[in-house]
Each structure stands twice: as C-alpha cells, then as structure tokens.
Amino acid sequence: MERIFNPYIFQDQKDGEEGQQYIANVRDGAKFGFRYFEMSDPELSVVTKGSDGKLLVYIDSEPAGEIELQNCSKWAKSNALGIHVNGVHELSFVYEGDGIISVNEICFEGKN
C-alpha cells in the first residue's frame, strides 16, 4: 500500500504556551491556499525552511508567478517578483522540489 504524505499544521509548543504554528511536510506537488484575501498591489513573500525548489503562485486558480526557495535549515524569507494584484482573491501555492519544506509566514508588504 502506498504511503501518502500530506502537509499539516504543526505547532512547536503545547496548547496554551507561546510558540509558532506552521505548515509542515510540504512535498513536491503539494498545494495549499487561502481564500478571500484583500490585496492592494502588495509585494508577496514567504518564510520557509527546508529544501530548495520553488513555490508556484496562483491567483484565482490562474498562474501568477513563482518564488525561488533556497535550501536552509533556519527560517528564511523569499520574495515573489512581479506579482501585482488588487481586490479580493483566492491565493494558492504549489511546491516543486525534490525535498520537503515548511512554511511559517506568507507576507504582504507594500502599498496597502
């Protein structure tokens, strides 16, 4: 029987204690997303750790760009270049790479 490896939300502390929660076990082809973001031409970036590869970015299920990721054992920020969008939209990502990554933050900075 084939074993399935899905992403999951991980917390590095017990319930009620201070700590972080993040998306863990993101492997090649894994998709995760968020609905109904109000965006006003933001600069998009992600904070990840793990293997190198790229995150394909989709706005309303349409390809919008990609974010190159570097192999890093500590949390590192990577920027999406050339993605500009206004209004309320669905935002999703697909990981392409040979290893496993974790995603700690998705950041919108700029003209908000």
# chains A, B, ... in the order shown; residues from 1 in each chain; ligands from 1
call {"tool": "select_by_dssp", "arguments": {"residues": "segment 4-106 of chain A", "states": "strand (DSSP E or B)", "output": "JSON, numbers by chain"}}
result
{"A": [8, 9, 10, 11, 21, 22, 23, 24, 25, 26, 27, 31, 32, 33, 34, 35, 36, 37, 38, 39, 40, 42, 43, 44, 45, 46, 47, 48, 49, 50, 53, 54, 55, 56, 57, 58, 59, 62, 63, 64, 65, 66, 67, 68, 69, 72, 73, 74, 75, 76, 77, 78, 79, 86, 87, 88, 89, 90, 91, 92, 93, 94, 95, 96, 100, 101, 102, 103, 104, 105, 106]}
call {"tool": "residues_around", "arguments": {"residues": "Cys107 of chain A", "least_positions_apart": "6", "cutoff": "9 Å", "atoms": "only C-alpha atoms", "output": "list in words"}}
result
Pro42, Glu43, Leu44, Ser45, Val46 and Val47 of chain A
call {"tool": "atom_distance", "arguments": {"atom1": "atom CA of Gly99 of chain A", "atom2": "atom CA of Phe10 of chain A"}}
result
17.9 Å
call {"tool": "atom_distance", "arguments": {"atom1": "atom CA of Phe32 of chain A", "atom2": "atom CA of Pro7 of chain A"}}
result
8.3 Å
call {"tool": "residues_around", "arguments": {"residues": "Ile9 of chain A", "least_positions_apart": "5", "cutoff": "7 Å", "atoms": "only C-alpha atoms", "output": "compact mmCIF listing (two decimals) with C-alpha atoms, in the first residue's frame"}}
result
# COMPACT_ATOMS: atom_id res chain seq x y z
CA GLN A 21 2.45 27.21 14.17
CA TYR A 22 3.37 26.50 10.56
CA ILE A 23 2.60 24.30 7.57
CA ALA A 24 4.93 21.27 7.70
call {"tool": "closest_residue", "arguments": {"among": "A:Gly110, A:Asp60, A:Asn6, A:Glu96", "to": "Phe37 of chain A", "atoms": "only C-alpha atoms"}}
result
A:Asp60
call {"tool": "residues_around", "arguments": {"residues": "Asp98 of chain A", "least_positions_apart": "3", "cutoff": "9 Å", "atoms": "only C-alpha atoms", "output": "list in words"}}
result
Arg27, Asp28, Ser51, Asp52 and Gly53 of chain A
